[in-house]
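Trainee: Below: one structure in structure tokens.
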Amino acid sequence: MKTIAAIATPHGEGGIAVIRISGSGAADIAGRVFAPVSGKSAAEMKGYTACYGEIHDGEKRLDDGVLLMFRAPHSYTGEDTAEISCHGGMYAAKRVLAACYSAGAVPAQAGEFTKRALLNGKLSLTQAEAVADVISAQNEQFLLCARSQREGALYRRIRAEADELLSIITLIQAWIDYPDEMEDEFDGNLEADRLRGIAGHLGSLIESHGEGQLIRDGIPCAIVGRPNVGKSTLMNLLTGTERSIVTDIEGTTRDIVEETVTLGGVMLRLADCAGIRETDDVVESIGVERMIKKLGESSVVLAVFDLSRPLSDDDSRLMELLSDKKVVCIANKNDLDVQADVAELERRFGKAIRISAKDPECAETVARAVAETAGIGKLDLTAGFIANERQRKCAEEARDFTVQALEALESGMTLDAVGIMCENALDRLYELSGEQAGEAVVDSVFRRFCVGK
Ligand SMILES: Nc1nc2c(ncn2[C@@H]2O[C@H](COP(=O)(O)OP(=O)(O)OP(=O)(O)O)[C@@H](O)[C@H]2O)c(=O)[nH]1
Ligand SMILES: [Mg+2]
């Protein structure tokens, strides 16, 4: 395999830039471009050592910097790897990279360092995929998920199910090949229970895909209610800005105002909507239509009611619209005299959170309630989750084959048939973990990566 090189730091100005070289020629190439001030040869450096020196392209001195050496297999890629830190202007970094090319390296493809880590057994495919997720994480919760994933959380969950399937297949095979030598009776009920267990675990794994997406992209969350209940005040409270216009005139918000915020580690994609009411005003009624569309796109709805006024027909209309939605009921303006029928709100929504949207202390309470209602409030973020479509498809196919094996066993089909279904399920799990993924699958995974990773 050729020795590759790329700039590993972002393309822009920074304090330092890092040029990464990996492959069997890494130390020699580093030796050609980097001259330690100690006078020793960079090519002879041991793993996990660093030195300061000058960077050259042939006779021409380019910069000074630090060289860090890793020796196979103790590096990210599992190969000899050299990392040169130089001054962080793009021009300087590109010149150093060009010098590495002149010394024998070839340009790295997107994700090629991580791909080599995979090929050298340093990472599973799901761990490699998580590297891209760690890089793209935009909030604390998702970073924690992706980090656990990179440390093998999903891989371990898949392995547990794959090992269980393998043990069932081995048992079935033994029964087919050596029925006379088996000590115990073949216990179909026991094996059916085991298959049911696997199907159940794979089912929860598949569900984790939706939860992971909410954590990664934020929870789409519409703020709705009749005019003047304090929707925009709540929006401003949650965003910590004067994002929406607030007045005591009914019908102030007409179009949808959107903002993404992270509160208490939870990312919310908020949409402050027009107040719902019967109206002849053309603009306002378009706003209400848009609000209804936004409701449909939301995972959680923040339904706001005004405690200082009795519930009205518009409130009832809203409640009808929300009948099949996940709702956080906000009983707002609890600093004023209570006129609304809170018991009715609690009857409809199970719980009503009493707040004043003017009180900054209430923001995290609302965010927590949204996370809980979305089903990610009490999630174990380190448990591993299905992170993308490729993984979801494999997990679904594995679950379906497991269910087919179970049905075959329960309907008295031959053990051969049951065994084949189990093998199909196992194949899908091995594809998921990458142990049996074809080149095309691996290539498509790494297409998402940046050069230098
Ligand atoms: N006392 C009190 N007043 C509040 C509270 N929340 C909002 N208000 C006031 O209620 C009025 C309406 O607030 P908005 O946030 O504009 O209400 P809205 O639901 O967005 O109204 P529309 O955009 O017209 O649908 C403003 O005068 C706010 O200052 C609260 O918790 N307590
Ligand atoms: Mg408003």
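Going by the structure tokens order, chains are called A, B, ..., each with residues numbered from 1, while ligands are numbered from 1 in the order shown.
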If the limit is 10 Å from any atom of ligand 1, counting only C-alpha atoms and all ligand atoms, which residues qualify? Return them as a PDB file with C-alpha atoms, in the first residue's frame.
Mentor:
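Below you can see result_37.pdb, which holds the result:
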```pdb
ATOM      1  CA  ILE A 223     -44.896  26.359  19.669  1.00  0.00           C
ATOM      2  CA  VAL A 224     -48.659  26.708  19.269  1.00  0.00           C
ATOM      3  CA  GLY A 225     -51.618  28.201  21.118  1.00  0.00           C
ATOM      4  CA  ARG A 226     -54.268  30.863  20.683  1.00  0.00           C
ATOM      5  CA  PRO A 227     -53.200  34.497  20.233  1.00  0.00           C
ATOM      6  CA  ASN A 228     -51.560  36.303  23.145  1.00  0.00           C
ATOM      7  CA  VAL A 229     -50.915  33.245  25.333  1.00  0.00           C
ATOM      8  CA  GLY A 230     -47.177  34.018  25.290  1.00  0.00           C
ATOM      9  CA  LYS A 231     -45.820  31.758  22.520  1.00  0.00           C
ATOM     10  CA  SER A 232     -43.325  34.333  21.273  1.00  0.00           C
ATOM     11  CA  THR A 233     -42.332  35.217  24.827  1.00  0.00           C
ATOM     12  CA  LEU A 234     -41.596  31.500  25.360  1.00  0.00           C
ATOM     13  CA  MET A 235     -39.648  31.395  22.066  1.00  0.00           C
ATOM     14  CA  ASN A 236     -37.516  34.312  23.242  1.00  0.00           C
ATOM     15  CA  LEU A 237     -37.027  32.719  26.640  1.00  0.00           C
ATOM     16  CA  SER A 244     -39.815  36.927  17.951  1.00  0.00           C
ATOM     17  CA  ILE A 245     -41.812  40.127  18.259  1.00  0.00           C
ATOM     18  CA  VAL A 246     -43.832  40.275  21.472  1.00  0.00           C
ATOM     19  CA  THR A 247     -46.761  42.694  21.982  1.00  0.00           C
ATOM     20  CA  ASP A 248     -50.063  42.556  23.812  1.00  0.00           C
ATOM     21  CA  ILE A 249     -51.877  42.783  20.447  1.00  0.00           C
ATOM     22  CA  GLU A 250     -53.531  39.507  19.433  1.00  0.00           C
ATOM     23  CA  GLY A 251     -52.214  38.154  16.130  1.00  0.00           C
ATOM     24  CA  THR A 252     -48.708  39.645  16.454  1.00  0.00           C
ATOM     25  CA  THR A 253     -46.911  36.605  15.024  1.00  0.00           C
ATOM     26  CA  ARG A 254     -48.173  35.817  11.536  1.00  0.00           C
ATOM     27  CA  ASP A 255     -45.400  33.870   9.843  1.00  0.00           C
ATOM     28  CA  ILE A 256     -43.321  31.099  11.388  1.00  0.00           C
ATOM     29  CA  ASP A 272     -42.920  29.968  16.893  1.00  0.00           C
ATOM     30  CA  CYS A 273     -46.261  29.963  15.053  1.00  0.00           C
ATOM     31  CA  ALA A 274     -49.200  32.278  14.501  1.00  0.00           C
ATOM     32  CA  GLY A 275     -51.902  32.080  17.168  1.00  0.00           C
ATOM     33  CA  ILE A 276     -54.778  29.767  16.302  1.00  0.00           C
ATOM     34  CA  ARG A 277     -58.197  31.471  16.037  1.00  0.00           C
ATOM     35  CA  GLU A 284     -53.464  35.751   9.612  1.00  0.00           C
ATOM     36  CA  GLY A 287     -50.345  31.963   9.183  1.00  0.00           C
ATOM     37  CA  VAL A 288     -52.776  29.557  10.849  1.00  0.00           C
ATOM     38  CA  VAL A 304     -49.236  27.050  25.297  1.00  0.00           C
ATOM     39  CA  PHE A 305     -52.300  28.083  27.335  1.00  0.00           C
ATOM     40  CA  ASP A 306     -52.899  31.313  29.242  1.00  0.00           C
ATOM     41  CA  LEU A 307     -53.593  30.679  32.934  1.00  0.00           C
ATOM     42  CA  SER A 308     -54.904  34.233  33.412  1.00  0.00           C
ATOM     43  CA  ALA A 331     -49.699  26.650  31.374  1.00  0.00           C
ATOM     44  CA  ASN A 332     -48.229  30.107  31.031  1.00  0.00           C
ATOM     45  CA  LYS A 333     -48.494  33.336  33.033  1.00  0.00           C
ATOM     46  CA  ASN A 334     -48.503  31.641  36.433  1.00  0.00           C
ATOM     47  CA  ASP A 335     -47.457  35.001  37.886  1.00  0.00           C
ATOM     48  CA  LEU A 336     -51.050  36.220  37.339  1.00  0.00           C
ATOM     49  CA  ASP A 337     -54.374  35.194  38.925  1.00  0.00           C
ATOM     50  CA  ARG A 354     -46.967  25.932  35.057  1.00  0.00           C
ATOM     51  CA  ILE A 355     -44.454  28.581  34.104  1.00  0.00           C
ATOM     52  CA  SER A 356     -44.027  32.242  33.425  1.00  0.00           C
ATOM     53  CA  ALA A 357     -42.390  32.674  30.034  1.00  0.00           C
ATOM     54  CA  LYS A 358     -40.923  35.861  31.447  1.00  0.00           C
ATOM     55  CA  ASP A 359     -38.948  33.916  34.060  1.00  0.00           C
TER      56      ASP A 359
END
```
Trainee: What's around range 91-106 of chain A at 10 Å? Count only C-alpha atoms, leave out sequence neighbours fewer than 5 positions away in its own chain, and write the answer as a VMD selection string.
Mentor: chain A and resid 2 to 9 11 to 13 16 to 23 25 to 26 28 to 34 55 to 58 60 to 63 84 to 86
Trainee: Pick out the residues sitting within 8 Å of range 148-160 of chain A, and hand them over as a PyMOL selection string; count only C-alpha atoms, and ignore anything fewer than 5 positions along from it in its own chain.
Mentor: chain A and resi 124+126-131+381-386+429+432-433
Trainee: Pull C-alpha atoms from the residues just selected and write them as a PDB file, in the first residue's frame.
Mentor:
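Output saved as selection_5.pdb:
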```
ATOM      1  CA  SER A 124     -14.920  -1.822  13.193  1.00  0.00           C
ATOM      2  CA  THR A 126     -19.530   1.115  12.881  1.00  0.00           C
ATOM      3  CA  GLN A 127     -16.682   2.681  14.847  1.00  0.00           C
ATOM      4  CA  ALA A 128     -15.274   4.198  11.659  1.00  0.00           C
ATOM      5  CA  GLU A 129     -18.693   5.630  10.816  1.00  0.00           C
ATOM      6  CA  ALA A 130     -18.809   7.148  14.299  1.00  0.00           C
ATOM      7  CA  VAL A 131     -15.560   9.029  13.619  1.00  0.00           C
ATOM      8  CA  LEU A 381     -26.458   7.933  25.544  1.00  0.00           C
ATOM      9  CA  THR A 382     -23.537   5.552  25.855  1.00  0.00           C
ATOM     10  CA  ALA A 383     -25.509   2.418  24.916  1.00  0.00           C
ATOM     11  CA  GLY A 384     -24.789   2.529  21.180  1.00  0.00           C
ATOM     12  CA  PHE A 385     -27.358   3.323  18.521  1.00  0.00           C
ATOM     13  CA  ILE A 386     -28.123   2.831  14.840  1.00  0.00           C
ATOM     14  CA  LEU A 429     -25.183  -8.547  11.339  1.00  0.00           C
ATOM     15  CA  LEU A 432     -23.562  -4.209   9.802  1.00  0.00           C
ATOM     16  CA  SER A 433     -20.396  -4.521  11.873  1.00  0.00           C
TER      17      SER A 433
END
```
Trainee: Residues near Val442 in chain A, anyone? I mean within 12 Å using only C-alpha atoms, not counting same-chain ones fewer than 2 positions away, as a count of residues only.
Mentor: 29
Trainee: I need the strand (DSSP E or B) residues of range 272-415 of chain A per DSSP on the backbone, written as a list in words.
Mentor: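 Checking each residue of range 272-415 of chain A, the strand (DSSP E or B) ones are Asp272, Val300, Val301, Leu302, Ala303, Val304, Phe305, Asp306, Val327, Val328, Cys329, Ile330, Ala331, Asn332, Ala352, Ile353 and Arg354 of chain A.
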Trainee: CA of Leu406 in chain A and CA of Gln391 in chain A are how many Å apart?
Mentor: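 CA of Leu406 in chain A sits 22.6 Å away from CA of Gln391 in chain A.
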Trainee: Assign secondary structure with DSSP using the backbone only, and return the residues of range 268-440 of chain A in helix (DSSP H, G or I) as a ChimeraX atom specification.
Mentor: /A:282-297,313-321,342-349,360-374,389-410,415-433,439-440
